[in-house]
Amino acid sequence: MHSIAEREYNYIRRLVYEHSHIHLGANKKELVVARVGKRLRHFRMNSFREYCALLDSPNGREEVRELVDVITTNHTSFFREISHFEFFTETVLPEWRLRLHDAHEKQFRLWSAGCSFGDEPYSLAMVLADFFSQERSWTWQVEASDISARALAKARQAVYEEERIKPVKPEWLRRHFQQGLGAWAGHYRIKPELQSRVRFHHFNLLHAHYPFEEGFHAIFCRNVMIYFDRATQEKLVAHLAAQLATHGYLFVGHSESLMGLKHYLKSVRPSVYVKTE
């Protein structure tokens, strides 16, 4: 394994922060060496000094995107933090069904922000498909976004190993997945009908403009803020809150909280907030 000098580590830290606002502390050096080491091997480089020179060169812009991609943590799973899905199913969806009962257009809009390999948005799509299965007058769509092009490519492929989908209910597994055969034995693919309900977008959450025109009834942005400093967290929450419809819900990770941040959302329960105005 290559070693990294303090100067080179600080240079990479600064670049990653500038392009993603991910804050790499002094204790993340081993993580950077392990993950960025893949890029050194890709270029057959012998040192981080060579790699930093590439990043600093006229041809370095594309490699900066690759750098952010390998640094980004994409830990995820189907129905992760299940209590959020229970609250969403038992409280949020019935509330919005009642609220929009007399609306001319009954459409539920949801955004999975920081969707990684697609486990979360497809989990949410299964919940929505089940909830609205008897609601002929309703339409629904899941938007999903991530900063990692690599993660989004896998999400669009929608193929998962058998071990990965264990949290999925057996009846939903039969309804929404195709079992792989031959070379794909031990893998499952999301059926096209459910795939069509999820639209994937590649962009940075800290950018000022999102490609959405209407407010969301719920946004899941979980285990994303933990990588940001306080100023960046406040900026992100402000951006997300602006995308919520009035009475819309924001879900953050169980290990995250908006406590101490400036915002105008109301806490409903730990890691769940609502926009009241």
# chains A, B, ... in the order shown; residues from 1 in each chain; ligands from 1
$ residues_around --residues "Leu206 (chain A)" --least-positions-apart "5" --cutoff "10 Å" --atoms "only C-alpha atoms" --output "list in words"
His19, Ser20, His21, Ile147, Thr232, Gln233, Lys235, Leu236, Val237, His239 and Leu240 of chain A
$ write_last_selection --atoms "N, CA and C atoms" --output "CSV table (one decimal), in the first residue's frame"
chain,number,residue,atom,x,y,z
A,19,HIS,N,-15.3,20.2,-4.2
A,19,HIS,CA,-16.2,19.6,-5.3
A,19,HIS,C,-17.4,18.9,-4.7
A,20,SER,N,-17.4,18.5,-3.4
A,20,SER,CA,-18.5,17.8,-2.9
A,20,SER,C,-18.9,18.2,-1.5
A,21,HIS,N,-18.1,19.1,-0.9
A,21,HIS,CA,-18.4,19.5,0.5
A,21,HIS,C,-18.3,18.4,1.5
A,147,ILE,N,-24.4,12.0,-6.1
A,147,ILE,CA,-23.2,12.6,-6.6
A,147,ILE,C,-22.3,11.6,-7.4
A,232,THR,N,-22.1,23.6,6.0
A,232,THR,CA,-22.7,22.8,4.9
A,232,THR,C,-24.0,22.1,5.2
A,233,GLN,N,-24.1,21.6,6.4
A,233,GLN,CA,-25.3,21.0,6.8
A,233,GLN,C,-26.5,22.0,6.8
A,235,LYS,N,-26.7,24.7,5.0
A,235,LYS,CA,-27.0,25.0,3.6
A,235,LYS,C,-27.8,23.9,3.0
A,236,LEU,N,-27.5,22.7,3.2
A,236,LEU,CA,-28.2,21.5,2.6
A,236,LEU,C,-29.6,21.5,3.1
A,237,VAL,N,-29.8,21.7,4.4
A,237,VAL,CA,-31.2,21.6,5.0
A,237,VAL,C,-32.0,22.7,4.4
A,239,HIS,N,-31.7,24.0,1.4
A,239,HIS,CA,-32.0,23.6,0.1
A,239,HIS,C,-33.2,22.6,0.0
A,240,LEU,N,-33.0,21.6,0.9
A,240,LEU,CA,-34.1,20.5,1.0
A,240,LEU,C,-35.4,21.1,1.4
$ residues_around --residues "Tyr17 (chain A)" --least-positions-apart "2" --cutoff "12 Å" --atoms "only C-alpha atoms" --output "PDB file with all heavy atoms, in the first residue's frame"
ATOM      1  N   ASN A  10      -3.578  16.814   2.453  1.00  0.00           N
ATOM      2  CA  ASN A  10      -4.306  18.079   2.579  1.00  0.00           C
ATOM      3  C   ASN A  10      -4.780  18.592   1.232  1.00  0.00           C
ATOM      4  O   ASN A  10      -5.856  19.197   1.121  1.00  0.00           O
ATOM      5  CB  ASN A  10      -3.426  19.122   3.271  1.00  0.00           C
ATOM      6  CG  ASN A  10      -3.245  18.836   4.749  1.00  0.00           C
ATOM      7  OD1 ASN A  10      -4.102  18.209   5.383  1.00  0.00           O
ATOM      8  ND2 ASN A  10      -2.128  19.270   5.319  1.00  0.00           N
ATOM      9  N   TYR A  11      -3.983  18.363   0.194  1.00  0.00           N
ATOM     10  CA  TYR A  11      -4.391  18.775  -1.159  1.00  0.00           C
ATOM     11  C   TYR A  11      -5.638  18.004  -1.593  1.00  0.00           C
ATOM     12  O   TYR A  11      -6.604  18.583  -2.113  1.00  0.00           O
ATOM     13  CB  TYR A  11      -3.246  18.531  -2.139  1.00  0.00           C
ATOM     14  CG  TYR A  11      -3.594  18.857  -3.570  1.00  0.00           C
ATOM     15  CD1 TYR A  11      -3.730  20.167  -4.008  1.00  0.00           C
ATOM     16  CD2 TYR A  11      -3.801  17.827  -4.500  1.00  0.00           C
ATOM     17  CE1 TYR A  11      -4.051  20.465  -5.323  1.00  0.00           C
ATOM     18  CE2 TYR A  11      -4.128  18.110  -5.818  1.00  0.00           C
ATOM     19  CZ  TYR A  11      -4.250  19.429  -6.223  1.00  0.00           C
ATOM     20  OH  TYR A  11      -4.582  19.717  -7.535  1.00  0.00           O
ATOM     21  N   ILE A  12      -5.643  16.688  -1.372  1.00  0.00           N
ATOM     22  CA  ILE A  12      -6.797  15.868  -1.732  1.00  0.00           C
ATOM     23  C   ILE A  12      -8.010  16.242  -0.883  1.00  0.00           C
ATOM     24  O   ILE A  12      -9.139  16.336  -1.396  1.00  0.00           O
ATOM     25  CB  ILE A  12      -6.445  14.368  -1.586  1.00  0.00           C
ATOM     26  CG1 ILE A  12      -5.465  13.965  -2.700  1.00  0.00           C
ATOM     27  CG2 ILE A  12      -7.698  13.497  -1.610  1.00  0.00           C
ATOM     28  CD1 ILE A  12      -4.950  12.548  -2.590  1.00  0.00           C
ATOM     29  N   ARG A  13      -7.793  16.472   0.413  1.00  0.00           N
ATOM     30  CA  ARG A  13      -8.891  16.908   1.288  1.00  0.00           C
ATOM     31  C   ARG A  13      -9.543  18.176   0.749  1.00  0.00           C
ATOM     32  O   ARG A  13     -10.772  18.290   0.705  1.00  0.00           O
ATOM     33  CB  ARG A  13      -8.372  17.191   2.701  1.00  0.00           C
ATOM     34  CG  ARG A  13      -8.040  15.978   3.526  1.00  0.00           C
ATOM     35  CD  ARG A  13      -7.413  16.369   4.854  1.00  0.00           C
ATOM     36  NE  ARG A  13      -8.331  17.108   5.702  1.00  0.00           N
ATOM     37  CZ  ARG A  13      -7.994  17.676   6.853  1.00  0.00           C
ATOM     38  NH1 ARG A  13      -6.746  17.591   7.293  1.00  0.00           N
ATOM     39  NH2 ARG A  13      -8.876  18.296   7.581  1.00  0.00           N
ATOM     40  N   ARG A  14      -8.705  19.130   0.349  1.00  0.00           N
ATOM     41  CA  ARG A  14      -9.224  20.415  -0.128  1.00  0.00           C
ATOM     42  C   ARG A  14     -10.017  20.242  -1.431  1.00  0.00           C
ATOM     43  O   ARG A  14     -11.097  20.823  -1.594  1.00  0.00           O
ATOM     44  CB  ARG A  14      -8.078  21.399  -0.336  1.00  0.00           C
ATOM     45  CG  ARG A  14      -8.552  22.815  -0.679  1.00  0.00           C
ATOM     46  CD  ARG A  14      -7.414  23.805  -0.672  1.00  0.00           C
ATOM     47  NE  ARG A  14      -6.486  23.583  -1.791  1.00  0.00           N
ATOM     48  CZ  ARG A  14      -5.275  23.092  -1.664  1.00  0.00           C
ATOM     49  NH1 ARG A  14      -4.815  22.737  -0.464  1.00  0.00           N
ATOM     50  NH2 ARG A  14      -4.491  22.928  -2.713  1.00  0.00           N
ATOM     51  N   LEU A  15      -9.482  19.444  -2.335  1.00  0.00           N
ATOM     52  CA  LEU A  15     -10.180  19.206  -3.603  1.00  0.00           C
ATOM     53  C   LEU A  15     -11.532  18.544  -3.379  1.00  0.00           C
ATOM     54  O   LEU A  15     -12.539  18.929  -3.970  1.00  0.00           O
ATOM     55  CB  LEU A  15      -9.325  18.313  -4.504  1.00  0.00           C
ATOM     56  CG  LEU A  15      -8.417  18.971  -5.541  1.00  0.00           C
ATOM     57  CD1 LEU A  15      -7.767  17.898  -6.400  1.00  0.00           C
ATOM     58  CD2 LEU A  15      -9.157  19.968  -6.404  1.00  0.00           C
ATOM     59  N   HIS A  19     -15.335  20.222  -4.249  1.00  0.00           N
ATOM     60  CA  HIS A  19     -16.203  19.645  -5.275  1.00  0.00           C
ATOM     61  C   HIS A  19     -17.385  18.863  -4.712  1.00  0.00           C
ATOM     62  O   HIS A  19     -18.320  18.550  -5.470  1.00  0.00           O
ATOM     63  CB  HIS A  19     -15.383  18.748  -6.202  1.00  0.00           C
ATOM     64  CG  HIS A  19     -14.458  19.509  -7.095  1.00  0.00           C
ATOM     65  ND1 HIS A  19     -14.817  19.956  -8.353  1.00  0.00           N
ATOM     66  CD2 HIS A  19     -13.182  19.945  -6.902  1.00  0.00           C
ATOM     67  CE1 HIS A  19     -13.812  20.613  -8.899  1.00  0.00           C
ATOM     68  NE2 HIS A  19     -12.805  20.617  -8.052  1.00  0.00           N
ATOM     69  N   SER A  20     -17.367  18.529  -3.437  1.00  0.00           N
ATOM     70  CA  SER A  20     -18.473  17.756  -2.871  1.00  0.00           C
ATOM     71  C   SER A  20     -18.920  18.245  -1.505  1.00  0.00           C
ATOM     72  O   SER A  20     -19.975  17.837  -1.019  1.00  0.00           O
ATOM     73  CB  SER A  20     -18.071  16.285  -2.742  1.00  0.00           C
ATOM     74  OG  SER A  20     -17.086  16.132  -1.726  1.00  0.00           O
ATOM     75  N   HIS A  21     -18.120  19.090  -0.865  1.00  0.00           N
ATOM     76  CA  HIS A  21     -18.350  19.538   0.518  1.00  0.00           C
ATOM     77  C   HIS A  21     -18.271  18.399   1.524  1.00  0.00           C
ATOM     78  O   HIS A  21     -18.704  18.548   2.672  1.00  0.00           O
ATOM     79  CB  HIS A  21     -19.677  20.296   0.648  1.00  0.00           C
ATOM     80  CG  HIS A  21     -19.612  21.705   0.136  1.00  0.00           C
ATOM     81  ND1 HIS A  21     -19.300  22.774   0.935  1.00  0.00           N
ATOM     82  CD2 HIS A  21     -19.772  22.208  -1.096  1.00  0.00           C
ATOM     83  CE1 HIS A  21     -19.297  23.875   0.214  1.00  0.00           C
ATOM     84  NE2 HIS A  21     -19.576  23.553  -1.030  1.00  0.00           N
ATOM     85  N   ILE A  22     -17.727  17.271   1.113  1.00  0.00           N
ATOM     86  CA  ILE A  22     -17.451  16.200   2.062  1.00  0.00           C
ATOM     87  C   ILE A  22     -16.217  16.582   2.857  1.00  0.00           C
ATOM     88  O   ILE A  22     -15.175  16.912   2.288  1.00  0.00           O
ATOM     89  CB  ILE A  22     -17.233  14.856   1.345  1.00  0.00           C
ATOM     90  CG1 ILE A  22     -18.537  14.403   0.684  1.00  0.00           C
ATOM     91  CG2 ILE A  22     -16.724  13.789   2.310  1.00  0.00           C
ATOM     92  CD1 ILE A  22     -18.385  13.166  -0.185  1.00  0.00           C
ATOM     93  N   HIS A  23     -16.344  16.570   4.174  1.00  0.00           N
ATOM     94  CA  HIS A  23     -15.248  16.987   5.056  1.00  0.00           C
ATOM     95  C   HIS A  23     -14.452  15.765   5.507  1.00  0.00           C
ATOM     96  O   HIS A  23     -14.963  14.916   6.226  1.00  0.00           O
ATOM     97  CB  HIS A  23     -15.802  17.736   6.268  1.00  0.00           C
ATOM     98  CG  HIS A  23     -14.762  18.139   7.255  1.00  0.00           C
ATOM     99  ND1 HIS A  23     -13.798  19.081   6.983  1.00  0.00           N
ATOM    100  CD2 HIS A  23     -14.519  17.714   8.520  1.00  0.00           C
ATOM    101  CE1 HIS A  23     -13.007  19.223   8.036  1.00  0.00           C
ATOM    102  NE2 HIS A  23     -13.425  18.397   8.979  1.00  0.00           N
ATOM    103  N   LEU A  24     -13.214  15.686   5.043  1.00  0.00           N
ATOM    104  CA  LEU A  24     -12.326  14.592   5.454  1.00  0.00           C
ATOM    105  C   LEU A  24     -11.440  15.083   6.590  1.00  0.00           C
ATOM    106  O   LEU A  24     -10.575  15.938   6.381  1.00  0.00           O
ATOM    107  CB  LEU A  24     -11.460  14.140   4.271  1.00  0.00           C
ATOM    108  CG  LEU A  24     -12.199  13.493   3.094  1.00  0.00           C
ATOM    109  CD1 LEU A  24     -11.253  13.315   1.916  1.00  0.00           C
ATOM    110  CD2 LEU A  24     -12.802  12.161   3.507  1.00  0.00           C
ATOM    111  N   GLY A  25     -11.665  14.574   7.772  1.00  0.00           N
ATOM    112  CA  GLY A  25     -10.876  14.993   8.929  1.00  0.00           C
ATOM    113  C   GLY A  25      -9.495  14.370   8.910  1.00  0.00           C
ATOM    114  O   GLY A  25      -9.148  13.554   8.051  1.00  0.00           O
ATOM    115  N   VAL A  64     -10.814  14.516 -11.115  1.00  0.00           N
ATOM    116  CA  VAL A  64     -11.396  15.020  -9.868  1.00  0.00           C
ATOM    117  C   VAL A  64     -12.761  14.375  -9.638  1.00  0.00           C
ATOM    118  O   VAL A  64     -13.112  14.013  -8.514  1.00  0.00           O
ATOM    119  CB  VAL A  64     -11.507  16.563  -9.884  1.00  0.00           C
ATOM    120  CG1 VAL A  64     -12.349  17.046  -8.702  1.00  0.00           C
ATOM    121  CG2 VAL A  64     -10.130  17.194  -9.834  1.00  0.00           C
ATOM    122  N   LEU A  67     -12.144  11.008  -8.386  1.00  0.00           N
ATOM    123  CA  LEU A  67     -11.695  11.094  -6.994  1.00  0.00           C
ATOM    124  C   LEU A  67     -12.887  11.191  -6.049  1.00  0.00           C
ATOM    125  O   LEU A  67     -12.969  10.453  -5.057  1.00  0.00           O
ATOM    126  CB  LEU A  67     -10.779  12.313  -6.818  1.00  0.00           C
ATOM    127  CG  LEU A  67     -10.418  12.686  -5.379  1.00  0.00           C
ATOM    128  CD1 LEU A  67      -9.593  11.588  -4.724  1.00  0.00           C
ATOM    129  CD2 LEU A  67      -9.665  14.028  -5.347  1.00  0.00           C
ATOM    130  N   VAL A  68     -13.808  12.091  -6.333  1.00  0.00           N
ATOM    131  CA  VAL A  68     -14.998  12.244  -5.489  1.00  0.00           C
ATOM    132  C   VAL A  68     -15.797  10.946  -5.478  1.00  0.00           C
ATOM    133  O   VAL A  68     -16.335  10.536  -4.449  1.00  0.00           O
ATOM    134  CB  VAL A  68     -15.867  13.424  -5.981  1.00  0.00           C
ATOM    135  CG1 VAL A  68     -17.203  13.457  -5.241  1.00  0.00           C
ATOM    136  CG2 VAL A  68     -15.123  14.740  -5.781  1.00  0.00           C
ATOM    137  N   ILE A  71     -14.173   8.414  -3.144  1.00  0.00           N
ATOM    138  CA  ILE A  71     -14.226   8.859  -1.743  1.00  0.00           C
ATOM    139  C   ILE A  71     -15.620   8.694  -1.167  1.00  0.00           C
ATOM    140  O   ILE A  71     -15.803   8.377   0.012  1.00  0.00           O
ATOM    141  CB  ILE A  71     -13.769  10.331  -1.618  1.00  0.00           C
ATOM    142  CG1 ILE A  71     -12.257  10.445  -1.830  1.00  0.00           C
ATOM    143  CG2 ILE A  71     -14.163  10.909  -0.270  1.00  0.00           C
ATOM    144  CD1 ILE A  71     -11.422   9.749  -0.770  1.00  0.00           C
ATOM    145  N   THR A  72     -16.629   8.900  -2.017  1.00  0.00           N
ATOM    146  CA  THR A  72     -18.009   8.856  -1.545  1.00  0.00           C
ATOM    147  C   THR A  72     -18.326   7.496  -0.929  1.00  0.00           C
ATOM    148  O   THR A  72     -18.090   6.451  -1.525  1.00  0.00           O
ATOM    149  CB  THR A  72     -18.984   9.103  -2.705  1.00  0.00           C
ATOM    150  OG1 THR A  72     -18.671  10.344  -3.321  1.00  0.00           O
ATOM    151  CG2 THR A  72     -20.423   9.157  -2.203  1.00  0.00           C
ATOM    152  N   ASN A 204     -24.868  17.314  -7.569  1.00  0.00           N
ATOM    153  CA  ASN A 204     -24.382  17.608  -6.225  1.00  0.00           C
ATOM    154  C   ASN A 204     -25.508  18.273  -5.430  1.00  0.00           C
ATOM    155  O   ASN A 204     -26.092  19.263  -5.886  1.00  0.00           O
ATOM    156  CB  ASN A 204     -23.171  18.546  -6.328  1.00  0.00           C
ATOM    157  CG  ASN A 204     -22.466  18.756  -5.007  1.00  0.00           C
ATOM    158  OD1 ASN A 204     -23.079  18.756  -3.944  1.00  0.00           O
ATOM    159  ND2 ASN A 204     -21.158  18.952  -5.065  1.00  0.00           N
ATOM    160  N   LEU A 206     -25.352  20.185  -3.034  1.00  0.00           N
ATOM    161  CA  LEU A 206     -25.027  21.540  -2.601  1.00  0.00           C
ATOM    162  C   LEU A 206     -25.158  22.563  -3.716  1.00  0.00           C
ATOM    163  O   LEU A 206     -24.923  23.755  -3.491  1.00  0.00           O
ATOM    164  CB  LEU A 206     -23.625  21.588  -1.997  1.00  0.00           C
ATOM    165  CG  LEU A 206     -23.496  21.166  -0.520  1.00  0.00           C
ATOM    166  CD1 LEU A 206     -24.403  22.004   0.360  1.00  0.00           C
ATOM    167  CD2 LEU A 206     -23.763  19.698  -0.316  1.00  0.00           C
ATOM    168  N   TYR A 227     -21.293  13.609   6.743  1.00  0.00           N
ATOM    169  CA  TYR A 227     -20.004  13.848   6.089  1.00  0.00           C
ATOM    170  C   TYR A 227     -19.705  15.333   5.898  1.00  0.00           C
ATOM    171  O   TYR A 227     -18.664  15.685   5.353  1.00  0.00           O
ATOM    172  CB  TYR A 227     -19.973  13.128   4.733  1.00  0.00           C
ATOM    173  CG  TYR A 227     -20.199  11.652   4.865  1.00  0.00           C
ATOM    174  CD1 TYR A 227     -21.412  11.079   4.522  1.00  0.00           C
ATOM    175  CD2 TYR A 227     -19.208  10.823   5.387  1.00  0.00           C
ATOM    176  CE1 TYR A 227     -21.634   9.713   4.674  1.00  0.00           C
ATOM    177  CE2 TYR A 227     -19.420   9.454   5.547  1.00  0.00           C
ATOM    178  CZ  TYR A 227     -20.629   8.916   5.185  1.00  0.00           C
ATOM    179  OH  TYR A 227     -20.838   7.566   5.348  1.00  0.00           O
ATOM    180  N   PHE A 228     -20.644  16.210   6.340  1.00  0.00           N
ATOM    181  CA  PHE A 228     -20.500  17.641   6.124  1.00  0.00           C
ATOM    182  C   PHE A 228     -20.228  18.381   7.423  1.00  0.00           C
ATOM    183  O   PHE A 228     -20.627  17.928   8.511  1.00  0.00           O
ATOM    184  CB  PHE A 228     -21.782  18.213   5.499  1.00  0.00           C
ATOM    185  CG  PHE A 228     -22.130  17.618   4.157  1.00  0.00           C
ATOM    186  CD1 PHE A 228     -23.457  17.439   3.794  1.00  0.00           C
ATOM    187  CD2 PHE A 228     -21.146  17.235   3.260  1.00  0.00           C
ATOM    188  CE1 PHE A 228     -23.800  16.898   2.565  1.00  0.00           C
ATOM    189  CE2 PHE A 228     -21.462  16.699   2.028  1.00  0.00           C
ATOM    190  CZ  PHE A 228     -22.799  16.527   1.673  1.00  0.00           C
ATOM    191  N   ASP A 229     -19.587  19.542   7.311  1.00  0.00           N
ATOM    192  CA  ASP A 229     -19.429  20.401   8.485  1.00  0.00           C
ATOM    193  C   ASP A 229     -20.742  21.148   8.731  1.00  0.00           C
ATOM    194  O   ASP A 229     -21.680  21.075   7.928  1.00  0.00           O
ATOM    195  CB  ASP A 229     -18.251  21.364   8.315  1.00  0.00           C
ATOM    196  CG  ASP A 229     -18.349  22.236   7.062  1.00  0.00           C
ATOM    197  OD1 ASP A 229     -19.482  22.497   6.602  1.00  0.00           O
ATOM    198  OD2 ASP A 229     -17.302  22.657   6.542  1.00  0.00           O
ATOM    199  N   THR A 232     -22.148  23.571   6.043  1.00  0.00           N
ATOM    200  CA  THR A 232     -22.653  22.842   4.879  1.00  0.00           C
ATOM    201  C   THR A 232     -23.968  22.147   5.211  1.00  0.00           C
ATOM    202  O   THR A 232     -24.887  22.094   4.381  1.00  0.00           O
ATOM    203  CB  THR A 232     -21.609  21.816   4.404  1.00  0.00           C
ATOM    204  OG1 THR A 232     -20.384  22.489   4.122  1.00  0.00           O
ATOM    205  CG2 THR A 232     -22.077  21.105   3.145  1.00  0.00           C
TER     206      THR A 232
END
$ residues_around --residues "Tyr51 (chain A)" --least-positions-apart "4" --cutoff "12 Å" --atoms "only C-alpha atoms" --output "list in words"
His2, Ile4, Glu8, Tyr9, Tyr11, Ile12, Val33, Val36, Gly37, Lys38, Arg39, Leu40, Arg41, His42, Phe43, Arg44, Met45, Asn46, Ser47, Leu55, Asp56, Ser57, Asn59, Gly60, Glu63, Val64 and Leu67 of chain A
$ closest_residue --among "A:Met126, A:Leu31, A:Ile82, A:Val92" --to "Arg174 (chain A)" --atoms "only C-alpha atoms"
A:Met126
$ closest_residue --among "A:Trp111, A:Phe48, A:Tyr160, A:Phe177" --to "Glu143 (chain A)" --atoms "only C-alpha atoms"
A:Trp111
$ residues_around --residues "region 93-104 of chain A" --least-positions-apart "2" --cutoff "9 Å" --atoms "only C-alpha atoms" --output "ChimeraX atom specification"
/A:87-91,106-108,128,131,217,247-248
$ closest_residue --among "A:Ser271, A:Ser145, A:Thr276, A:Asn223" --to "Ala241 (chain A)" --atoms "only C-alpha atoms"
A:Thr276
$ closest_residue --among "A:Lys275, A:Val224, A:Gly186, A:Ala238" --to "Arg164 (chain A)" --atoms "only C-alpha atoms"
A:Gly186
$ atom_distance --atom1 "CA of Ala153 (chain A)" --atom2 "CA of Phe200 (chain A)"
9.4 Å
$ closest_residue --among "A:Ile190, A:Val252, A:Leu258, A:Leu110" --to "Phe212 (chain A)" --atoms "only C-alpha atoms"
A:Leu110
$ residues_around --residues "His201 (chain A)" --least-positions-apart "2" --cutoff "8 Å" --atoms "only C-alpha atoms" --output "PyMOL selection string"
chain A and resi 143-146+152+199+203
$ closest_residue --among "A:Glu50, A:Val70, A:Trp184, A:Glu214" --to "Arg35 (chain A)" --atoms "only C-alpha atoms"
A:Val70
$ select_by_dssp --residues "region 85-201 of chain A" --states "alpha helix (DSSP H)" --output "count of residues only"
43
